[in-house]
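**Q** Let me begin by handing over the structure; questions about it come next.
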Amino acid sequence: MSFEVQRPAPVPTDASGDVPEGPVDRRTARALGRRTWPQRLRVPSVHGIWRQPAVVVALVIVVGWLAVAAFATLIAPADPIAQSPDVYAAPSAAHPFGTDELGRDVLSRVLHGARLSLPLAFVIVLGSLAVGGLLGLVAGYLGRVADEVIMRVTDLFFAFPQIILAMAVSAAFGPSTRNAVLALILVSWPTYTRVIRSAVLSIRGSDYLAASRMLGVGPVTALRRDVVPNSVGPAVVLATLELGNAVLMLAALSFLGLGPRPPAPEWGAMIAGGSRDLSMWWVSVFPGLAILTVVLAFNVLGDALRDRLDPRHAKGLS
Amino acid sequence: MTRLLDVQDLAVALPAAGGGTVPVIHHASLHVDEGEIVGIAGESGSGKSMTAQALLGLLPDGAQVRGTARLDGTDLLALRGAQWNTVRGKQVAMVFQDATSALHPMLTIGRQLTEHMRLHLGLDKRAANRRAAELLDRVRIPEPERTLKAYSHQFSGGMRQRVAIAAALACNPRLLIADEPTTALDVTVQAGILELLDELRRDMGLSVLFITHDLGVLAALTSRSYVFYAGRVMEQAPTTDLLLDPRHPYTAALLRARPHADDSWGAAGTRGTHALTTIPGTPATPATAGPGCPFAPRCAFREDRCTDAPPPLLTVAPGRGAACVVQPDLHEVPA
Amino acid sequence: MTTTPPSGGAPARDRWRGVTHAARYISRRIAITLTLLLGVTVMTFLIVQAVPGDAASANLSETALNDPEVVAAYRAKWGLDQPLPVQYWVYLTNVLQGDLGISQQTGRSVLGDLLTYVPATLEIALPSMLLAVVIGTAVGLYAAVHHDRTGDQVVRVGTLVGLSTPSFWLSLVVLYVFFYLLGVSPSGGRLSTWIVPPERVTGMTTVDAALAGRWDVWWDAVQHLALPVLVLTTLTVAVLTRFVRSAMLEVLDADYIRAARAKGLPERTILRRHVLRAGLVPVITVSGLAFASLLSGTVLVEQIFGWPGVGQYAYRAASGLDMPAIMGVSLFVALVYTAVNLGVDLLYGVIDPRIRVS
């Protein structure tokens, strides 16, 4: 844990006698009878997170895919939608990932797929964060009726498995990229609302905020200075984990034919294409691996961030 | 009196976050005689609870423990893994600070009272239940038979602590380690628990190692006490002597910082002042203390030699020790 | 969750209060569930409103749309010329009478379709859930006990990979391996084509075959079940294991576990009696949640294994823009989900003495 350990201070302290204290293991801190809650509420740091090899690998993967998305037109060996008579060619030097049922180069399609999945995942996450985060702030900070109404609505959304609701909504809107994204925002915001609300509630209930209120800090100032910054940690953690989820859900919708329209090289749609003939394994294996690596990298990053930033979820309770 | 527990040079270090270890106890020695209630006093972080956990092998994984702790000739600190189970509960039992969290929320009181009885004493279910009911009666819980079928949430804090004490006593342990058992309780409830412990000592010859941060509790219950600071024993003396005539500047400072109307130290002291004095500076921890006396930075009687090496526990009177090389006249507080 | 405030007196005095407390708890949970279901109908109703154009055009097949009489009858039945709240009321009363509309694709009532397909889904969902709970609890407990050691690291990485794998892709991979490469598994469906299905009693082939005493059919059905169950179990285990691990870590860190150790109980006893018991409540909670993710998983998995369940029905409905069917499936799944959660809540009462009738 990177949190400053609360010093046992039964007697008034004198700053000059302050000796910096090394970081203490969580269990150690607990065994010492200290709480690992920061002395002052503040946005905890991600310092030292890069020392974990898994985090470094995950970051390399994410940056790698972002680079692919940015430069796909330059690195892809072929046009992702150009058909050729060379259908279902097994992986070879000319087509490292083979070709699909229309003779399109799978490698080029996988690389171009990053241009769809990654930006769309970010749009989905930012959209749900904006909607859900705002509602969570309102519910947590205002409480009472606003809280009750907002939380009952999220309950409603949680009664539907996300993919089924997303499927129904994008089917209702009509299948297209834009509608898939809208549908996914519509089904994901409640998660953000719950997380942000509980973060706000835990800050609102803190002695620290009570003390600052007694010192005459106004509600708006408190919101800006204490509540929002302290909700950033949980929000960042959730957003990172949800990036992976957004990639997965988008692929699932496309797989069902409810995402970007053909011939767009969407990974989920490519897997659907490959499912027509099992013996041509390369058509669906490579886009699947693309999804797997991206999602795994986001999940590893989100997990590591959660261990750092979100004490309530430090043990992976999500 | 025969010596029951003899701890020599106990040192404990716990794993630190970025690898390595943090020291929490430096060379602490203490002993408990049979039928004696011995106190360990100190602020949080002084290592007093760590001592208790070390004596039962309950330290977190990766903790390094050195020294010896002989209980009837068996060195507790040399025990490994399942070997502990011949000592825990049977020879040495423990009562925790917060009985609410120390009792399993989903097992009946009866289950928690009898499971180790059946294991250690080989009792069958009926005999164990009968004994459990007796124990509950012993710790003055009304309707013991019914209580056996109840769950901990159905009781008040004081009652829970009584249940926890009954569970600790279930296998007739030689030594009871009580880690701040009254801290979480109201003062009146606390008095009842202290009375109970003293009664158990008198009637059953129970030995108790009582850990507290409350000097009043120390005075009420214990015959001998150790004062811990930053993982070291600062002073060791019969409790009455310790409280009336402290020999270590830290003990004296602690007593002066006590908000008490009938402050015994103040009354016995030359000044007779009841003003509340604070100890300047921040409490040191074993990890942050310098090479010398850990209290030196805050000590009014500090001399240059104090910061050179940790002071040994010097015998200052028969049966008394103080880890202070200066040995000042504590009645004269320097301005 | 509410807990009774600690009472100083003997537990017996609380007995009556315990009964009323439990009754209040149960009725409160049921009331919440009913309100939630009402909300669910509002939501499915609103989704249909989102369909561009007329609800009739969204809900009727093209041939039906060409028949003005059918369209008029449809409008009258669903009150389409009425204001929205009235339309909702009509929708609600129809739904409450079990009328979920007619599927455009099958031409049959959606309710009838659901009743046909649900047993097939249950046949793969239930064993997967059961396996996942058993495996997830065991592995999660193992990882928690070996916290931060190699075993735990392997479990953490493994479950993350599981969470990151698209279910539909994993289905294709296992199908490729076990059917195409190894040839040990059928390619899909519920029974081999040459087998006459057993008489339909429960709709679950394995159960029906067993009831009919046709064990060769039963074995064939089990072989067909294996791969979808494998995929669903894998994905659910990933979710459950992570949760069990963190729940058990919390329990292992609790004072009452240290107290149990201080009593000299063997580690195995502590794990079995104390840790598992306390960890059960969070495990049950998350099992309810995991069931939802499992149901979502069936949508895609059934499609690939040609498994004629609700998932495939939903897929066909979505890809064919069969709105009545989509609404029906959504309602059904939400119903199952809230029912499962209600069950979980009531189960709490049985397991946790803090809620239980004393």
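Residues in the structure tokens are named by chain (A, B, ... in the order shown) and by number from 1 within that chain; ligands are numbered from 1 in the order shown.
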As a list of chain:residue names, please: the residues near Val62 of chain A (cut-off 9 Å, only C-alpha atoms, same-chain neighbours under 5 positions excluded).

**A**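 The filter keeps A:Val57, A:Ala67, A:Thr293, A:Val294, A:Ala297, A:Phe298.
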
**Q** Please identify all polymer residues within 7 Å of segment 139-146 of chain A, counting only C-alpha atoms, omitting same-chain residues fewer than 4 positions from it, and present them as an NGL selection string.

**A** :A and (135 or 150 or 197-198 or 200-201)

**Q** Which value, in Å to one decimal, gives the distance between atom CA of Val95 of chain B and atom CA of Asp241 of chain B?

**A**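 Distance between the two atoms: 27.1 Å.
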
**Q** Select, as a list in words, those residues of chain C with any atom no more than 6 Å from chain A (distances computed using only C-alpha atoms).

**A**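 On the chain C side, the interface is Val51, Ser164, Thr165, Trp169, Ser246, Ala292, Ser296, Ala318, Leu321, Ile326 and Ala334 of chain C.
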
**Q** Counting only C-alpha atoms, what are the residues of segment 146-205 of chain B within 12 Å of segment 116-126 of chain B, and for each of them which pair of atoms is the nearest and at what distance in Å, to one decimal? Sort the table by chain and rising number, as a Markdown table.

**A**
| residue | atom | partner | partner_atom | distance |
| --- | --- | --- | --- | --- |
| B:Ala166 | CA | B:Met117 | CA | 11.4 |
| B:Ala167 | CA | B:His116 | CA | 8.7 |
| B:Ala168 | CA | B:His116 | CA | 9.5 |
| B:Leu169 | CA | B:Met117 | CA | 9.7 |
| B:Ala170 | CA | B:Met117 | CA | 6.2 |
| B:Cys171 | CA | B:Met117 | CA | 5.8 |
| B:Asn172 | CA | B:Met117 | CA | 9.5 |
| B:Pro173 | CA | B:His120 | CA | 10.7 |

**Q** Those residues you just picked out, can you put them in a file as a PDB file, in the first residue's frame with C-alpha atoms?

**A**
ATOM      1  CA  ALA B 166     -14.949 -18.361  29.025  1.00  0.00           C
ATOM      2  CA  ALA B 167     -13.738 -19.727  25.686  1.00  0.00           C
ATOM      3  CA  ALA B 168     -10.156 -18.875  26.597  1.00  0.00           C
ATOM      4  CA  LEU B 169     -10.477 -20.644  29.950  1.00  0.00           C
ATOM      5  CA  ALA B 170     -12.156 -23.709  28.478  1.00  0.00           C
ATOM      6  CA  CYS B 171      -9.084 -25.939  28.517  1.00  0.00           C
ATOM      7  CA  ASN B 172      -7.646 -24.733  31.822  1.00  0.00           C
ATOM      8  CA  PRO B 173      -4.717 -22.849  30.312  1.00  0.00           C
TER       9      PRO B 173
END

**Q** Could you give me, as a tab-separated table, a per-residue list for chain B showing, wherever an atom lies at most 6 Å from an atom of chain C, the closest pair of atoms and their distance in Å to one decimal, using only C-alpha atoms and sorting by chain then residue number from low to high?

**A**
residue	atom	partner	partner_atom	distance
B:Asn85	CA	C:Gly264	CA	4.2
B:Arg88	CA	C:Gly264	CA	4.4
B:Gly89	CA	C:Lys263	CA	3.9
B:Ser101	CA	C:Asp255	CA	5.5
B:Ala102	CA	C:Tyr256	CA	4.0
B:Leu103	CA	C:Tyr256	CA	5.1
B:His104	CA	C:Tyr256	CA	5.3
B:Met106	CA	C:Pro353	CA	6.0
B:His153	CA	C:Pro6	CA	5.8
B:Gln154	CA	C:Pro6	CA	5.3
B:Phe155	CA	C:Pro6	CA	5.3
B:Ser156	CA	C:Gly8	CA	4.9

**Q** Go ahead and write the selection's residues with N, CA and C atoms as an mmCIF file, in the first residue's frame.

**A**
data_model
loop_
_atom_site.group_PDB
_atom_site.id
_atom_site.type_symbol
_atom_site.label_atom_id
_atom_site.label_comp_id
_atom_site.auth_asym_id
_atom_site.auth_seq_id
_atom_site.Cartn_x
_atom_site.Cartn_y
_atom_site.Cartn_z
ATOM 1 N N ASN B 85 -0.281 -26.114 18.098
ATOM 2 C CA ASN B 85 -1.610 -26.501 18.561
ATOM 3 C C ASN B 85 -1.584 -27.291 19.861
ATOM 4 N N ARG B 88 -1.375 -23.665 22.122
ATOM 5 C CA ARG B 88 -2.475 -22.708 21.980
ATOM 6 C C ARG B 88 -3.756 -23.273 22.572
ATOM 7 N N GLY B 89 -4.450 -22.478 23.302
ATOM 8 C CA GLY B 89 -5.727 -22.903 23.851
ATOM 9 C C GLY B 89 -5.560 -23.776 25.078
ATOM 10 N N SER B 101 -15.469 -8.803 17.165
ATOM 11 C CA SER B 101 -14.866 -9.372 15.969
ATOM 12 C C SER B 101 -14.105 -10.654 16.285
ATOM 13 N N ALA B 102 -13.867 -10.930 17.558
ATOM 14 C CA ALA B 102 -13.126 -12.144 17.895
ATOM 15 C C ALA B 102 -14.039 -13.358 18.048
ATOM 16 N N LEU B 103 -15.341 -13.135 18.024
ATOM 17 C CA LEU B 103 -16.267 -14.267 18.048
ATOM 18 C C LEU B 103 -16.825 -14.450 16.640
ATOM 19 N N HIS B 104 -16.884 -15.691 16.212
ATOM 20 C CA HIS B 104 -17.374 -15.973 14.867
ATOM 21 C C HIS B 104 -18.862 -15.608 14.789
ATOM 22 N N MET B 106 -21.159 -16.542 12.830
ATOM 23 C CA MET B 106 -22.100 -17.527 12.318
ATOM 24 C C MET B 106 -21.985 -18.885 12.976
ATOM 25 N N HIS B 153 -24.042 -12.064 18.111
ATOM 26 C CA HIS B 153 -24.676 -10.756 17.891
ATOM 27 C C HIS B 153 -25.830 -10.517 18.843
ATOM 28 N N GLN B 154 -26.256 -11.569 19.549
ATOM 29 C CA GLN B 154 -27.389 -11.409 20.453
ATOM 30 C C GLN B 154 -26.956 -10.861 21.816
ATOM 31 N N PHE B 155 -25.673 -10.587 21.974
ATOM 32 C CA PHE B 155 -25.177 -10.135 23.265
ATOM 33 C C PHE B 155 -24.566 -8.740 23.189
ATOM 34 N N SER B 156 -24.446 -8.136 24.359
ATOM 35 C CA SER B 156 -23.797 -6.839 24.443
ATOM 36 C C SER B 156 -22.280 -7.038 24.451
#

**Q** Distance atom CA of Thr212 of chain B-atom CA of Lys48 of chain B, one decimal place?

**A** 8.2 Å

**Q** Please compute the atom CA of His146 of chain C-atom CA of Leu79 of chain B distance, one decimal, in Å.

**A**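 Interatomic distance, atom CA of His146 of chain C to atom CA of Leu79 of chain B: 21.0 Å.
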